[in-house]
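Below is one structure, written out as structure tokens; the observations come after it.
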There are 2 protein chains.
Amino acid sequence: MVNQMVQLSPVELDDVFHALSDPTRRALVEALAAGETSVSRLASPFEMSLTAVSKHLKVLEQAGLVTRTRRGRESLCRLEPGPLSEAWEWIEHYRRFWEARMDWLEQYFETRRSTDG
Amino acid sequence: MVNQMVQLSPVELDDVFHALSDPTRRALVEALAAGETSVSRLASPFEMSLTAVSKHLKVLEQAGLVTRTRRGRESLCRLEPGPLSEAWEWIEHYRRFWEARMDWLEQYFETRRSTDG
DNA sequence: ACAATACTGAACCAACTGGTTGACAGACGG
DNA sequence: CCGTCTGTCAACCAGTTGGTTCAGTATTGT
């Protein structure tokens, strides 16, 4: 079990969801899921400047989704799964909440139908 | 099985994640998970103006997370689970991707250890 | 020593956010 | 009909975002 249960504060959840709200950054997460790489290699598929990609990585870094470590003149970027899991769990919680309510409603009307009708 | 598999476009995913990146809007989702209510009732726990909450609801509405229907002078807000599921699935996909890579790496080093050492 | 590589930081810009207030519109309750 | 409740819309404002370019700093290769 890799799960660390870091428990992000609400403010950090802000950062995670904000980081994921941009298509470029989601593409970066997608690329990083395959393994760590340098900034240049990450930037090469995009039309924008290297600076722009570096800034996007900074946003991901501030959200805790990415860590950068310098190796020589390269900056190796690596995906950190913790915040992703936190965001996942937040959504999961309210999905479940909603589903539970749906089940309850279904059961409620089921009971009413058999009692009243 | 409630799952509808709506398949949101990337642009719509932008909207969903952006909508969830604000603590007020997440609190609104939380409140709406318990069932539909009016705008005033939703707004009452918050310090900000009714207009501000209405605007937040508009952002959630544009993301497809909430629908509003007029009943009398009230506007009843209701949570729509589809986009929430789509966001959930996006994260789930890359979480799995990352975990698969971790498993692979673990296995790889396991093999190397038993072969080389 | 020098040039190229791989970034990073600062300054700038237009567009968007998240809040405000004030005006307004539609639905009830007397 | 009049006032109140409920909510939206428009205008405004400061701060943030996502991009740019230019300059600067290490690191590496020749």
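In the structure tokens, chains take letters A, B, ... by order of appearance, with residues numbered from 1 within each chain and ligands from 1 in the order shown.
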Chain B residues near chain C within 8 Å, closest pair each, using only C-alpha atoms (C1' of nucleotides), as a Markdown table:
| residue | atom | partner | partner_atom | distance |
| --- | --- | --- | --- | --- |
| B:Ala52 | CA | C:DG19 | C1' | 6.9 |
| B:Gly72 | CA | C:DA27 | C1' | 6.0 |
| B:Arg73 | CA | C:DA27 | C1' | 5.1 |
At a cut-off of 9 Å, list the chain B residues touching chain D, using only C-alpha atoms (C1' of nucleotides), as an mmCIF file with C-alpha atoms, in the first residue's frame.
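File iface34.cif, as written:
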data_model
loop_
_atom_site.group_PDB
_atom_site.id
_atom_site.type_symbol
_atom_site.label_atom_id
_atom_site.label_comp_id
_atom_site.auth_asym_id
_atom_site.auth_seq_id
_atom_site.Cartn_x
_atom_site.Cartn_y
_atom_site.Cartn_z
ATOM 1 C CA VAL B 39 -29.835 30.279 -3.461
ATOM 2 C CA SER B 40 -30.627 32.201 -0.246
ATOM 3 C CA LEU B 50 -25.957 36.975 -2.158
ATOM 4 C CA THR B 51 -24.742 38.254 -5.515
ATOM 5 C CA SER B 54 -25.059 33.569 -7.135
ATOM 6 C CA ARG B 73 -39.494 33.414 -6.695
ATOM 7 C CA GLU B 74 -36.924 30.881 -5.597
ATOM 8 C CA SER B 75 -34.180 29.324 -7.663
#
For chain A against chain B, with a cut-off of 6 Å and counting only C-alpha atoms, what is the closest atom pair and its distance in Å to one decimal for every residue that makes the cut, ordered by chain and number, as a tab-separated table?
residue	atom	partner	partner_atom	distance
A:Asp14	CA	B:Ser21	CA	4.4
A:Phe17	CA	B:Ser21	CA	4.6
A:His18	CA	B:Ser21	CA	5.0
A:Ser21	CA	B:Asp14	CA	4.4
A:Asp22	CA	B:Asp14	CA	5.8
A:Ala33	CA	B:Trp98	CA	5.1
A:Trp88	CA	B:Trp88	CA	5.9
A:Trp98	CA	B:Ala33	CA	5.1
Exercise for review: Quick one: pull the distance between atom CA of A:Gly64 and atom CA of A:Ala43, Å, one decimal.
Suggested key: 19.5 Å
Exercise for review: Please provide the set of residues having any atom within 8 Å of B:Glu36, restricted to only C-alpha atoms (C1' of nucleotides), with same-chain residues fewer than 5 positions apart removed, written as number ranges by chain.
Suggested key: B: 76-79
Check your understanding: Hey, what's within 8 Å of B:Leu57 if we count only C-alpha atoms (C1' of nucleotides) and toss same-chain stuff fewer than 3 positions away? As JSON, numbers by chain, please?
Key -> {"B": [25, 28, 53, 54, 60, 61, 66]}
Please produce a file of the residues just selected, as a short mmCIF file (atom, residue, chain, number, x, y, z; two decimals), in the first residue's frame, where the atoms kept are N, CA and C atoms.
data_model
loop_
_atom_site.label_atom_id
_atom_site.label_comp_id
_atom_site.auth_asym_id
_atom_site.auth_seq_id
_atom_site.Cartn_x
_atom_site.Cartn_y
_atom_site.Cartn_z
N ARG B 25 -16.95 27.48 -3.52
CA ARG B 25 -17.67 26.60 -4.45
C ARG B 25 -17.65 25.15 -3.99
N LEU B 28 -20.23 24.85 -1.47
CA LEU B 28 -21.55 24.80 -2.10
C LEU B 28 -21.85 23.39 -2.60
N VAL B 53 -22.47 34.76 -4.10
CA VAL B 53 -22.81 33.33 -4.09
C VAL B 53 -23.49 32.94 -5.39
N SER B 54 -24.38 33.81 -5.87
CA SER B 54 -25.06 33.57 -7.14
C SER B 54 -24.05 33.43 -8.28
N LEU B 60 -20.34 27.11 -11.18
CA LEU B 60 -20.64 25.68 -11.03
C LEU B 60 -21.62 25.21 -12.12
N GLU B 61 -22.55 26.11 -12.46
CA GLU B 61 -23.54 25.79 -13.49
C GLU B 61 -22.86 25.63 -14.86
N VAL B 66 -23.95 22.00 -11.49
CA VAL B 66 -25.19 22.42 -10.84
C VAL B 66 -26.20 22.85 -11.90
#
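The space separating atom CA of B:Glu106 from atom CA of A:Leu42 comes to 24.6 Å.
Between A:Phe46 and the candidates A:Ala27, A:Arg70, A:Lys58, A:Ala63, the tightest atom-to-atom separation, counting only C-alpha atoms, involves A:Ala27.
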